[in-house]
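These notes concern the structure reproduced below.
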Amino acid sequence: MAKLKIRDKKVKIAITKDKKKKDKADPEAVPELPAEYSSPTRDEEHSDSRDVSQSSDSERSCEINEVEENDLHHPAEESDSSEDEVAPRNTIGDVPLEWYKDEEHIGYDIAGRKIKKHARKDKIESFLAGVDDSKNWRKIYDEYNDEEVELTKKEMKLIKRLLQGSTPHTEVDPYAPYVDWFDWEDKGHPLSNAPEPKRRFIPSKWEHKKVVKYIRAIRKGWIKFEKPEEEPRHYLLWGDDSTSAESKRQGLKYIPAPKPKLAGHEESYNPSLEYIPTQEEINSYQLMYEEDRPKFIPKRYESLRNVPAYENALKEGFDRCLDLYLCPRTRKKRINIDPESLKPKLPSRKDLKPYPSKCYLEYLGHSGPVKSVSVEISGQWLASGSTDGTIRLWEVETGRCLKVWEVGQPVNHVAWNPLPQLPILAASAGHDVLLLDTGLGDAEEQHRITELLHVEESASTDDRDLVSWAREEMYGGIRLKHTKAVANVEWHRKGDYFTTFSRDTKAVLLHQLSKKQTHNPFKKLRGLAVSAVFHPTRSIFFISTKNHIRIYDLLKSKLINKLETGLQEVSSVAVHPGGDNLIVGSKEGKMCWFDMDLSSRPYKILKTHPKDITNVAFHRSYPLFASSSEDCTAYVFHGMVYSDLNQNPLIVPLEILRGHASSKYGGVLDCKFHPRQPWLFTAGADSVIKLYCH
Amino acid sequence: MPKHYRPPGKKKEGTAATFITRTKAVRNLQVTLPHFRKLCILKGVFPREPKKKIHGSEKTYYHVKDINFLMHEPLRGKLWDIKAYKKKIKKARGKKNKDMVERLLDCQPTYKLDRLVLERYPTFVDALRDLDDCLTMVHLFATLPAMESEHIQVDRIHNCRRLSHEWQAYISRTHSLRRTFISVKGIYYQAEVEGQKITWLTPHALQQVVTDDVDFNVMLTFLEFYETLLGFVNFKLYHSINVKYPPILDPRLEALADELYALCRYIATGSRTLSGNSQSGISSESEQTGNKKMNSESEESEVRLAQLQHQLPANERGALMNMMEDVNGADEEDQDTKECKSLFKDFKFFLSREVPRESLLFIIPAFGGLVSWEGDGAPFMETDEDVTHQIVDRPSLGRKFLSREYVQPQWIFDCINARIILPTEQYLLGRVPPPHLSPFVDNEAEGYVPEYAETIKRLQAAARRQVLPLPGLDPMDFSDPGSLLAEGIIDRAEANEAAEQRQKLLKLEQQYHDELKMELQGVTFSAVASKGNSQIPPAGDVEVEEGASKALDQVAEDELNLSKVSMSRRQRGLMEAIQIGKERKRNKIELLKERRKNSEANRKG
């Protein structure tokens, strides 16, 4: 049914189409119509309408032809709206017809020709015609097209049905079962059947609000459409520089960045040949630490065209930037001083004369390193002990060897009795300490010495004793047998007491020569003793351990003071003849001067020797002191101590004494001053004793 | 109550109060670290070194006053604004609001650094003093490629190029270039502007190596400031020679990438017109209006001129000669400038394709020469008969003109440094040129004079018609008065003065000679001083007589050791440092001498 309906409409379309194609369409095509299409109803229609107008009939047949063809090609795609498609013969459109009331034509056809009005029949004539014609009731006058239309039977039926209120076509089944062409289940979006809402047809409130907002923003200048006018980018920024108020920089004082270093010869693209390192040198750079490595290796190019782009250009630029904004800037005074000006202002050495400066005499005879020398208090005799097992006695002025004692053991230390009337020599050799009669002095003195050096054999048999006093058979004198090797022997100023200690035990022994007795008063000594010295005037005793120097009062037998040297290992100590100052030599080559009135810490530390200091010595009368070291040198200093307590001691280095050859046993092993003259004796490991005079 | 009340327990004085760490500073300023960096760079704020680093030695410290200085900087607010604006754009982009994005992008907030330039450099001389880094950086960026990935925009590169050319044009025009040096890193130039020596480095005109260990953000921030600074400096400089800035260039030459040449022409013509205008007499009262008028007038004339130049054939010689001749203001030039101006006065150069054109186009006019090159827009052609020198850098050349000399580019640079016209034999085509020496090194202070430096010195002396003693003479020979007399008179013009000086010199020489003799005999100066004449050589002193020099060394060392003993530790350290420095320097010189000896031996052998 639906199809039929559509076909009907097609007919109407086709009419209009055919009107256009009137001349093109061939009227002869009618008889060739396929039989199936000429349905009986149509034939009827045709026959009915034939008398109305021949031409229209022929048109229609053509139309049908066309329609059917169209129908073949597009069966169901035509629209449903039927009204517009029947294009009227008249083309004036929907205008009031009374406009054409007085005209001769009713309008225009599609080609623009006037359509003439039919001659108007008067009422009687038309009535009569109506009466005669039995089909008159079917005829309707079409005002628009100015023609009479005769309704067909079918049309009549249609009208009748419409008037009845049923469907115009009988074929239409209004109650046909509903076919849901759309499968709802699978599709994601339902087509809404809802009616178009009202809001679709009225302007949006929110849009309006937004527009208002924009308008306001534009009015108030929040939204700007044109860019601001560009001012000239550059102008005269610095006027005349004379205005001093403005030409002051604000803020902190400006520290300009240091300028980069200017390029030297080596940076040239074509430097002189001497600036180019050899391949070996370049290779050796690899062995250097990274920070020591040269940053830039000069290279030579034969011509300018060969020079490549510098690969670090950007990097260096960037580094410079970093330096500029990340490096703290401080003003540093560039020290461009003469190193001479750094030297302290000291009194001229010329004014400090005399002091030993030149080697005057050499005492040759020892065959091993001379460990120790000692000068007799009168200054006439010199004793020396060596590791070759001999003790020699020399005459100072001539260098003559007066006497040789063959001890048999390496001699560590020799010391003269400080009393001029008792020329006794104490020497430490191995485990023993020998007190030797030198045979100097007149007969009376000799007598006293032999008396002093007399020991009863029985007295020294006790095993509990630390030391056994025995007679020395070979040379006459006393042999003190210790349990351990004795390192040092020092006499008390009065010549009765002497002290010995060993490097292996903590015991520091005090011996009394007149009574042949031995004490061990310092029981609580911490660490091994390195040196032990008597005070030159008072009954005070100095014991040095590795780091500290302890000062004991011998009468009260208690600790008075402790000096902190701050040194790593003390090797020797010497006391100023005044008694208030002390020098300490250390194995790291430093020498400390202590002013005991001042502090228990060093008054001055002198970094003198590159190697161990073996011994330090004060002169008895001259303001001189000296140090000897393993580096084969001896330093002589001027060390003036003032009686005024407010004045610090004056220390001036005077001379470096050289001359000793170095050997595997060390350099200079001992140094001693002459008691009267400003002379210095040095004992070397090269088995030579030297005398330095002024 | 004290003026600045400090609550108890809050210890804030001294170093703790005057220096704050970077983190604290950033927090106080309420900016991000990149913004802080930017502020520091633009304001020229740098960390300080407090005497005592309270919050740890690894931290960076800023002076509180510096931070307060940043705090009151309007730029800080601008940076905030920009940040907020960027957020706006981002938000709009997120909402796909294209119109808004476009609109926002169209008028982004910007900031200007003019005030900062003036603040950092209150006077023009200050700016010139700090211009080294600026110029080096701008010249570096002028050779860099634009990189979108690193946010290096094309227009910035172009701006750098323009600024560098403007600067070079000024220097070239005022003949204030003093020294040049081709190094491996690039070409160094030193100019003297208003009494300030300004040195900068331009990279070789080649594709630069772009490494990734560089933070371009920092560099670009620096560049931002430097561009502004150089722009204003150029303005001031152009103003001082009566040329309008920014210059309007001949578009044709610009298209041919001959901006420098275009600028030179511009300056020449511009100064002519403007000076003409100013000479016409504008009273000081109506200067402002007059200036304005003049500006507009000159602008018109500039445009016309540019058009005119455009129409003119580029190798029209008349215009160029005019430009060169029309150098005004000769009265205010100093001796140095005059010398520089007339160095290449009589020469006409032609540059081959392979030589660094930009550099030579800058240098040769700066020293008064005429120069042309191979290519469009060149003022004269290669076939020009008057060309005296052609700068080539290739092993051989097919066709040669007999009227001109074919020299390598190094000749120009060496001539400039020596300030004389050097003989060209060594620099001729195809030869290996003599070593190129740095003009920035004081050879005497350094203690080592390269061979070629001596040659140049002799040539310079010859150019001044002076006779210098031959180099390489022993001091002993030199001290001989006879030989000195035989060498000739030092200054012929002022005979009597010279004679006096010579007398003095001779006296000193004699003294030195005597001292040397004494030293050789084994007497040190100190010994002489301390012991005087009453010195008796001791009998036991064998060593001194063995080798005088050895003993002398020993004595000197002893002297040093003794003085060291009595020094304080601090002074000793200082002294040792000085000695180490001297030793190092000496070693370096020794090494150079040894290498030179070796190379000479190689050459002979």
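Here, A, B, ... name the chains of the structure tokens in the order displayed, residue numbers run from 1 inside each chain, and ligands are numbered from 1 in the same displayed order.
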
Report as a ChimeraX atom specification all protein, DNA and RNA residues lying within 10 Å of Ser514 of chain A, evaluated on only C-alpha atoms, omitting residues in the same chain fewer than 6 positions from it.
/A:451-454,495-497

Write down as a PyMOL selection string the residues belonging to segment 34-232 of chain B that are assigned strand (DSSP E) by DSSP computed on the backbone.
chain B and resi 61-63+177-182+187-193+196-202

Nearby residues (only C-alpha atoms) at most 12 Å from Leu201 of chain B, same-chain spacing under 6 positions excluded, as a PyMOL selection string
(chain A and resi 260-263+310+313+316-317) or (chain B and resi 131-143+164+179-191+359)

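Proximity to Pro649 of chain A was assessed for A:Phe625, A:Trp593, A:Phe618, A:Phe225 counting only C-alpha atoms; the smallest distance is recorded for A:Trp593.
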
Name all residues at most 9 Å from segment 350-366 of chain A (count only C-alpha atoms; drop same-chain ones fewer than 2 positions away) and give them as a compact mmCIF listing (two decimals) with all heavy atoms, in the first residue's frame.
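Produced file around.txt, reproduced below:
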```txt
# COMPACT_ATOMS: atom_id res chain seq x y z
N PRO A 347 118.94 42.49 64.82
CA PRO A 347 120.21 43.22 64.91
C PRO A 347 121.25 42.59 64.01
O PRO A 347 121.24 41.39 63.77
CB PRO A 347 120.58 43.10 66.39
CG PRO A 347 119.73 42.02 66.93
CD PRO A 347 118.50 41.97 66.10
N SER A 348 122.08 43.42 63.51
CA SER A 348 123.08 42.94 62.57
C SER A 348 123.98 41.91 63.25
O SER A 348 124.30 42.00 64.43
CB SER A 348 123.90 44.12 62.09
OG SER A 348 125.09 43.66 61.51
N GLY A 368 135.35 5.56 64.50
CA GLY A 368 133.90 5.39 64.38
C GLY A 368 133.22 6.71 64.65
O GLY A 368 133.88 7.69 65.02
N PRO A 369 131.92 6.75 64.47
CA PRO A 369 131.19 7.99 64.77
C PRO A 369 131.42 8.46 66.20
O PRO A 369 131.36 7.64 67.13
CB PRO A 369 129.74 7.60 64.57
CG PRO A 369 129.77 6.43 63.70
CD PRO A 369 131.03 5.71 63.96
N VAL A 370 131.71 9.72 66.34
CA VAL A 370 131.97 10.27 67.67
C VAL A 370 130.62 10.63 68.29
O VAL A 370 129.91 11.48 67.77
CB VAL A 370 132.88 11.51 67.59
CG1 VAL A 370 133.22 11.99 68.97
CG2 VAL A 370 134.12 11.19 66.80
N SER A 384 136.41 12.85 74.18
CA SER A 384 135.42 12.43 73.20
C SER A 384 135.23 10.93 73.28
O SER A 384 136.18 10.18 73.52
CB SER A 384 135.87 12.82 71.79
OG SER A 384 137.03 12.10 71.46
N GLY A 385 134.01 10.53 73.12
CA GLY A 385 133.70 9.11 73.12
C GLY A 385 133.11 8.69 71.80
O GLY A 385 132.31 9.42 71.23
N SER A 386 133.51 7.54 71.36
CA SER A 386 133.08 7.13 70.04
C SER A 386 132.55 5.71 70.07
O SER A 386 132.77 4.95 71.03
CB SER A 386 134.27 7.22 69.06
OG SER A 386 134.01 6.48 67.92
N THR A 387 131.85 5.36 69.03
CA THR A 387 131.32 3.99 68.96
C THR A 387 132.40 2.97 68.66
O THR A 387 132.14 1.77 68.70
CB THR A 387 130.23 3.88 67.90
OG1 THR A 387 130.71 4.49 66.71
CG2 THR A 387 128.95 4.53 68.34
N ASP A 388 133.61 3.43 68.30
CA ASP A 388 134.68 2.46 68.08
C ASP A 388 135.25 1.92 69.40
O ASP A 388 136.21 1.17 69.41
CB ASP A 388 135.79 3.08 67.22
CG ASP A 388 136.41 4.29 67.89
OD1 ASP A 388 135.95 4.65 69.00
OD2 ASP A 388 137.31 4.91 67.32
N THR A 390 136.47 3.71 72.04
CA THR A 390 137.58 4.44 72.66
C THR A 390 137.09 5.76 73.21
O THR A 390 136.12 6.34 72.71
CB THR A 390 138.70 4.74 71.63
OG1 THR A 390 138.11 5.47 70.55
CG2 THR A 390 139.33 3.47 71.13
N ILE A 391 137.78 6.17 74.23
CA ILE A 391 137.60 7.53 74.73
C ILE A 391 138.93 8.21 74.54
O ILE A 391 139.98 7.65 74.88
CB ILE A 391 137.22 7.52 76.23
CG1 ILE A 391 135.91 6.73 76.43
CG2 ILE A 391 137.05 8.93 76.76
CD1 ILE A 391 135.63 6.42 77.87
N ARG A 392 138.86 9.37 73.93
CA ARG A 392 140.13 10.07 73.67
C ARG A 392 140.16 11.40 74.42
O ARG A 392 139.12 12.04 74.58
CB ARG A 392 140.31 10.32 72.18
CG ARG A 392 140.71 9.06 71.43
CD ARG A 392 140.71 9.29 69.93
NE ARG A 392 140.94 8.03 69.24
CZ ARG A 392 142.12 7.71 68.70
NH1 ARG A 392 143.15 8.53 68.76
NH2 ARG A 392 142.26 6.53 68.08
N TRP A 394 141.93 15.07 74.24
CA TRP A 394 142.63 15.94 73.30
C TRP A 394 143.03 17.22 73.99
O TRP A 394 142.37 17.68 74.91
CB TRP A 394 141.73 16.31 72.14
CG TRP A 394 140.98 15.19 71.49
CD1 TRP A 394 139.82 14.67 71.91
CD2 TRP A 394 141.34 14.49 70.32
NE1 TRP A 394 139.41 13.66 71.08
CE2 TRP A 394 140.33 13.53 70.07
CE3 TRP A 394 142.44 14.55 69.43
CZ2 TRP A 394 140.38 12.65 68.99
CZ3 TRP A 394 142.46 13.68 68.36
CH2 TRP A 394 141.43 12.73 68.13
N VAL A 396 142.96 20.98 73.45
CA VAL A 396 142.08 21.77 72.61
C VAL A 396 142.86 22.61 71.61
O VAL A 396 142.59 22.63 70.42
CB VAL A 396 141.18 22.66 73.49
CG1 VAL A 396 140.45 23.70 72.66
CG2 VAL A 396 140.19 21.81 74.24
N GLU A 397 143.88 23.30 72.08
CA GLU A 397 144.51 24.31 71.24
C GLU A 397 145.34 23.69 70.12
O GLU A 397 145.48 24.29 69.05
CB GLU A 397 145.42 25.19 72.11
CG GLU A 397 144.73 25.67 73.36
CD GLU A 397 144.81 27.18 73.50
OE1 GLU A 397 145.79 27.74 73.01
OE2 GLU A 397 143.87 27.77 74.08
N THR A 398 145.88 22.51 70.38
CA THR A 398 146.78 21.96 69.37
C THR A 398 146.15 20.82 68.60
O THR A 398 146.60 20.49 67.51
CB THR A 398 148.05 21.42 70.04
OG1 THR A 398 147.63 20.46 71.04
CG2 THR A 398 148.81 22.53 70.69
N GLY A 399 145.15 20.20 69.19
CA GLY A 399 144.52 19.07 68.51
C GLY A 399 145.30 17.78 68.74
O GLY A 399 145.13 16.81 68.00
N ARG A 400 146.15 17.79 69.74
CA ARG A 400 146.95 16.60 70.01
C ARG A 400 146.14 15.63 70.84
O ARG A 400 145.46 16.02 71.79
CB ARG A 400 148.20 17.01 70.80
CG ARG A 400 149.17 15.92 71.12
CD ARG A 400 150.47 16.55 71.57
NE ARG A 400 150.27 17.34 72.81
CZ ARG A 400 150.51 16.84 74.01
NH1 ARG A 400 150.93 15.60 74.18
NH2 ARG A 400 150.34 17.61 75.08
N CYS A 401 146.24 14.36 70.48
CA CYS A 401 145.54 13.35 71.26
C CYS A 401 146.42 12.94 72.41
O CYS A 401 147.52 12.42 72.20
CB CYS A 401 145.19 12.16 70.38
SG CYS A 401 144.25 10.93 71.27
N TYR A 622 128.96 33.44 77.14
CA TYR A 622 128.48 34.24 76.00
C TYR A 622 127.00 33.97 75.77
O TYR A 622 126.52 32.87 76.04
CB TYR A 622 129.26 33.88 74.74
CG TYR A 622 130.65 34.47 74.72
CD1 TYR A 622 131.75 33.71 75.10
CD2 TYR A 622 130.85 35.79 74.30
CE1 TYR A 622 133.02 34.24 75.07
CE2 TYR A 622 132.13 36.32 74.27
CZ TYR A 622 133.22 35.55 74.67
OH TYR A 622 134.46 36.09 74.65
N LEU A 624 125.18 32.67 73.69
CA LEU A 624 125.16 31.85 72.48
C LEU A 624 124.51 30.52 72.79
O LEU A 624 124.63 30.01 73.91
CB LEU A 624 126.59 31.59 71.98
CG LEU A 624 127.37 32.76 71.43
CD1 LEU A 624 128.79 32.33 71.17
CD2 LEU A 624 126.74 33.26 70.15
N VAL A 636 124.21 28.11 65.00
CA VAL A 636 124.64 28.91 66.14
C VAL A 636 123.68 30.09 66.26
O VAL A 636 123.37 30.73 65.25
CB VAL A 636 126.07 29.42 65.97
CG1 VAL A 636 126.50 30.23 67.17
CG2 VAL A 636 127.01 28.27 65.75
N PHE A 637 123.18 30.29 67.44
CA PHE A 637 122.22 31.37 67.67
C PHE A 637 122.76 32.31 68.71
O PHE A 637 123.55 31.94 69.57
CB PHE A 637 120.89 30.82 68.20
CG PHE A 637 120.19 29.90 67.26
CD1 PHE A 637 120.49 28.56 67.22
CD2 PHE A 637 119.21 30.39 66.43
CE1 PHE A 637 119.84 27.72 66.37
CE2 PHE A 637 118.55 29.54 65.57
CZ PHE A 637 118.87 28.21 65.54
N HIS A 638 122.27 33.52 68.59
CA HIS A 638 122.50 34.47 69.66
C HIS A 638 121.25 34.41 70.53
O HIS A 638 120.15 34.60 70.05
CB HIS A 638 122.67 35.86 69.06
CG HIS A 638 122.78 36.95 70.07
ND1 HIS A 638 123.97 37.26 70.67
CD2 HIS A 638 121.84 37.79 70.58
CE1 HIS A 638 123.74 38.25 71.52
NE2 HIS A 638 122.47 38.59 71.48
N VAL A 652 118.54 35.40 67.86
CA VAL A 652 118.93 35.73 66.50
C VAL A 652 119.73 34.57 65.93
O VAL A 652 120.73 34.16 66.53
CB VAL A 652 119.82 37.00 66.46
CG1 VAL A 652 120.16 37.36 65.03
CG2 VAL A 652 119.13 38.14 67.15
N LEU A 654 122.53 33.00 63.90
CA LEU A 654 123.78 33.63 63.51
C LEU A 654 124.47 32.92 62.36
O LEU A 654 124.88 33.55 61.39
CB LEU A 654 124.73 33.67 64.71
CG LEU A 654 124.34 34.62 65.83
CD1 LEU A 654 125.28 34.45 66.99
CD2 LEU A 654 124.37 36.06 65.34
N GLU A 655 124.59 31.65 62.48
CA GLU A 655 125.46 31.00 61.50
C GLU A 655 125.04 29.55 61.35
O GLU A 655 124.57 28.92 62.29
CB GLU A 655 126.90 31.05 62.00
CG GLU A 655 127.95 30.67 61.01
CD GLU A 655 128.12 31.71 59.91
OE1 GLU A 655 128.45 32.85 60.24
OE2 GLU A 655 127.91 31.36 58.73
N ILE A 656 125.21 29.07 60.16
CA ILE A 656 125.06 27.64 59.93
C ILE A 656 126.46 27.09 59.72
O ILE A 656 127.19 27.56 58.85
CB ILE A 656 124.19 27.36 58.69
CG1 ILE A 656 122.82 27.98 58.88
CG2 ILE A 656 124.08 25.88 58.45
CD1 ILE A 656 121.96 27.89 57.67
N LEU A 657 126.80 26.13 60.55
CA LEU A 657 128.14 25.57 60.44
C LEU A 657 128.06 24.27 59.68
O LEU A 657 127.31 23.36 60.04
CB LEU A 657 128.72 25.33 61.84
CG LEU A 657 128.78 26.57 62.72
CD1 LEU A 657 129.25 26.20 64.11
CD2 LEU A 657 129.70 27.61 62.13
N ARG A 658 128.83 24.21 58.63
CA ARG A 658 128.86 22.98 57.83
C ARG A 658 130.27 22.43 57.84
O ARG A 658 131.19 23.07 58.35
CB ARG A 658 128.45 23.27 56.40
CG ARG A 658 127.00 23.65 56.25
CD ARG A 658 126.71 24.14 54.87
NE ARG A 658 125.47 24.91 54.88
CZ ARG A 658 124.26 24.37 54.76
NH1 ARG A 658 124.14 23.07 54.61
NH2 ARG A 658 123.19 25.12 54.79
N GLY A 659 130.42 21.33 57.27
CA GLY A 659 131.76 20.76 57.18
C GLY A 659 131.78 19.27 57.44
O GLY A 659 132.59 18.55 56.87
N PRO A 678 134.20 31.74 72.72
CA PRO A 678 133.02 31.49 71.89
C PRO A 678 133.30 30.47 70.79
O PRO A 678 133.22 30.79 69.61
CB PRO A 678 132.69 32.89 71.33
CG PRO A 678 133.99 33.59 71.28
CD PRO A 678 134.81 33.06 72.42
N TRP A 679 133.71 29.33 71.22
CA TRP A 679 134.08 28.29 70.27
C TRP A 679 133.10 27.15 70.40
O TRP A 679 132.58 26.86 71.47
CB TRP A 679 135.51 27.75 70.54
CG TRP A 679 136.59 28.79 70.36
CD1 TRP A 679 136.46 30.00 69.78
CD2 TRP A 679 137.94 28.67 70.81
NE1 TRP A 679 137.66 30.67 69.81
CE2 TRP A 679 138.58 29.86 70.44
CE3 TRP A 679 138.66 27.67 71.48
CZ2 TRP A 679 139.93 30.08 70.71
CZ3 TRP A 679 139.98 27.89 71.73
CH2 TRP A 679 140.63 29.10 71.36
N LEU A 680 132.94 26.44 69.32
CA LEU A 680 132.00 25.33 69.35
C LEU A 680 132.70 24.07 68.87
O LEU A 680 133.40 24.08 67.85
CB LEU A 680 130.80 25.61 68.44
CG LEU A 680 129.67 24.59 68.50
CD1 LEU A 680 128.90 24.72 69.80
CD2 LEU A 680 128.74 24.73 67.32
N SER A 687 133.43 10.53 62.26
CA SER A 687 134.54 10.30 63.19
C SER A 687 135.50 11.47 63.27
O SER A 687 136.67 11.30 63.54
CB SER A 687 135.28 9.00 62.85
OG SER A 687 135.90 9.12 61.60
N VAL A 688 135.00 12.66 62.99
CA VAL A 688 135.83 13.86 63.09
C VAL A 688 135.21 14.77 64.14
O VAL A 688 133.98 14.87 64.23
CB VAL A 688 135.89 14.60 61.73
CG1 VAL A 688 136.75 15.84 61.83
CG2 VAL A 688 136.42 13.68 60.66
N ILE A 689 136.04 15.39 64.91
CA ILE A 689 135.58 16.43 65.82
C ILE A 689 136.09 17.74 65.27
O ILE A 689 137.26 17.83 64.87
CB ILE A 689 136.12 16.20 67.25
CG1 ILE A 689 135.71 14.81 67.73
CG2 ILE A 689 135.61 17.25 68.19
CD1 ILE A 689 136.52 14.33 68.90
N LYS A 690 135.22 18.73 65.21
CA LYS A 690 135.64 19.99 64.63
C LYS A 690 135.50 21.08 65.67
O LYS A 690 134.59 21.06 66.51
CB LYS A 690 134.78 20.34 63.43
CG LYS A 690 135.05 19.43 62.25
CD LYS A 690 134.47 20.01 60.98
CE LYS A 690 134.84 19.09 59.83
NZ LYS A 690 134.87 19.76 58.55
N LEU A 691 136.40 22.01 65.57
CA LEU A 691 136.33 23.19 66.44
C LEU A 691 136.05 24.39 65.56
O LEU A 691 136.77 24.66 64.59
CB LEU A 691 137.67 23.37 67.18
CG LEU A 691 137.84 24.70 67.90
CD1 LEU A 691 136.81 24.88 69.00
CD2 LEU A 691 139.24 24.82 68.47
N TYR A 692 134.96 25.08 65.87
CA TYR A 692 134.63 26.30 65.13
C TYR A 692 134.95 27.49 65.99
O TYR A 692 134.52 27.56 67.13
CB TYR A 692 133.14 26.30 64.77
CG TYR A 692 132.78 25.27 63.73
CD1 TYR A 692 132.42 23.98 64.09
CD2 TYR A 692 132.82 25.61 62.38
CE1 TYR A 692 132.10 23.04 63.14
CE2 TYR A 692 132.50 24.67 61.42
CZ TYR A 692 132.14 23.38 61.80
OH TYR A 692 131.83 22.47 60.85
N CYS A 693 135.71 28.40 65.42
CA CYS A 693 136.09 29.59 66.18
C CYS A 693 135.49 30.83 65.53
O CYS A 693 134.97 30.78 64.43
CB CYS A 693 137.61 29.74 66.19
SG CYS A 693 138.39 28.41 67.07
N HIS A 694 135.60 31.93 66.24
CA HIS A 694 135.06 33.16 65.71
C HIS A 694 136.06 33.79 64.75
O HIS A 694 137.25 33.51 64.77
CB HIS A 694 134.72 34.13 66.84
CG HIS A 694 135.88 34.49 67.73
ND1 HIS A 694 136.35 33.64 68.70
CD2 HIS A 694 136.65 35.58 67.77
CE1 HIS A 694 137.37 34.21 69.31
NE2 HIS A 694 137.58 35.38 68.76
N SER B 530 128.54 42.74 55.96
CA SER B 530 128.73 42.35 57.36
C SER B 530 130.20 42.38 57.75
O SER B 530 130.55 42.82 58.83
CB SER B 530 128.15 40.96 57.58
OG SER B 530 128.85 40.05 56.77
N LYS B 531 131.01 41.92 56.85
CA LYS B 531 132.40 41.77 57.26
C LYS B 531 133.28 42.94 56.84
O LYS B 531 134.37 43.12 57.34
CB LYS B 531 132.96 40.47 56.69
CG LYS B 531 132.56 39.31 57.58
CD LYS B 531 132.48 38.02 56.82
CE LYS B 531 131.73 37.01 57.64
NZ LYS B 531 131.29 35.88 56.85
N PRO B 538 139.74 32.27 56.27
CA PRO B 538 140.32 31.32 57.20
C PRO B 538 141.03 30.18 56.48
O PRO B 538 140.69 29.83 55.35
CB PRO B 538 139.11 30.80 57.97
CG PRO B 538 137.95 31.03 57.08
CD PRO B 538 138.28 32.19 56.21
N ALA B 539 142.03 29.66 57.18
CA ALA B 539 142.88 28.65 56.57
C ALA B 539 142.11 27.35 56.34
O ALA B 539 142.32 26.66 55.36
CB ALA B 539 144.09 28.37 57.46
N GLY B 540 141.23 27.06 57.29
CA GLY B 540 140.54 25.77 57.21
C GLY B 540 139.40 25.76 56.19
O GLY B 540 138.82 24.72 55.94
N ASP B 541 139.11 26.92 55.67
CA ASP B 541 137.97 26.98 54.76
C ASP B 541 138.40 26.50 53.38
O ASP B 541 138.91 27.25 52.57
CB ASP B 541 137.47 28.43 54.70
CG ASP B 541 136.02 28.47 54.29
OD1 ASP B 541 135.54 27.43 53.81
OD2 ASP B 541 135.38 29.53 54.46
```

Could you pull out all residues of segment 47-141 of chain B with a DSSP call of alpha helix (DSSP H) and give them as a ChimeraX atom specification?
/B:64-71,74-94,98-106,114-120,124-129,131-141

Using Å and a single decimal, report how far atom CA of Leu42 of chain B sits from atom CA of Leu70 of chain B.
10.2 Å

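Each of A:Lys135, A:Arg601, A:Arg329, A:His118 was checked against chain B using only C-alpha atoms; the smallest atom-to-atom distance is that of A:Arg329.
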
Could you state the separation of atom CA of Gln421 of chain A and atom CA of Thr438 of chain A in Å, given to one decimal place?
11.9 Å

Contacts of Val530 of chain A within 12 Å, only C-alpha atoms, excl. fewer than 3 positions in-chain, as an MDAnalysis selection string
chainID A and resid 486:489 500:508 525:527 533 542:550 569:573 584:587 614:615
